[in-house]
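Have a look at the structure below, then the notes.
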Amino acid sequence: MTDDRPGDDTARDTAGASAAELVRRYNDGATIEGLSEELGMSYRKVRTTLLEAGVVLRPARIQLPPTPPGLVNAYLAGRNIRQLAEIYDMSYSQTRRILLAEGVALRPRGRH
């Protein structure tokens, strides 16, 4: 059964994006952030899918500052990214990128 209403294809595509499609689009130059937003998937899900498919991720284009002492340990001890961003006077995105660059496996939202 098909539905020709506008927007339905997008909803269907976001739910069924295959690993092969993610790999193709990433290799064509799409960013993980862009794929995440466009497909309604979490950044973590897109990144994990690409890594599991054997994709070698491109280096980050944004130069990150040095990791503040204690940031990773504070996250691993239960602080959330918003708390850390406030404590270390950084943006949420910058804090998150630093944690990812340090190899930290981020917790799902709402989990401590």
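Letters for chains follow the order of the structure tokens (A, B, ...), residue numbers begin at 1 for each chain, and ligand numbers begin at 1 in the order shown.
For A:Arg25, the residues within 12 Å (counting only C-alpha atoms, excluding itself and residues fewer than 4 positions away along the chain) are Ala17, Ser18, Ala19, Ala20, Glu21, Gly29, Ala30, Thr31, Ile32, Gly34, Leu35, Ser36, Glu38, Leu39, Val46, Leu50 and Val55 of chain A.
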Handout entry: Backbone-only DSSP, alpha helix (DSSP H) members of chain A, as a ChimeraX atom specification
Key = /A:8-15,19-27,32-39,43-52,71-76,81-87,92-101
Problem - Within 9 Å of stretch 86-101 of chain A using only C-alpha atoms, minus same-chain residues under 2 positions, as a PyMOL selection string - result: chain A and resi 60+64-68+71-72+75+81-84+103-106
Practice task
Give me, please, the distance in Å between atom CA of A:Met41 and atom CA of A:Gly54, quoted to one decimal.
Solution key: 19.1 Å
Exercise for the section: May I ask for the distance between atom CA of A:Ala53 and atom CA of A:Glu33, given in Å to one decimal place? Expected result: 17.6 Å
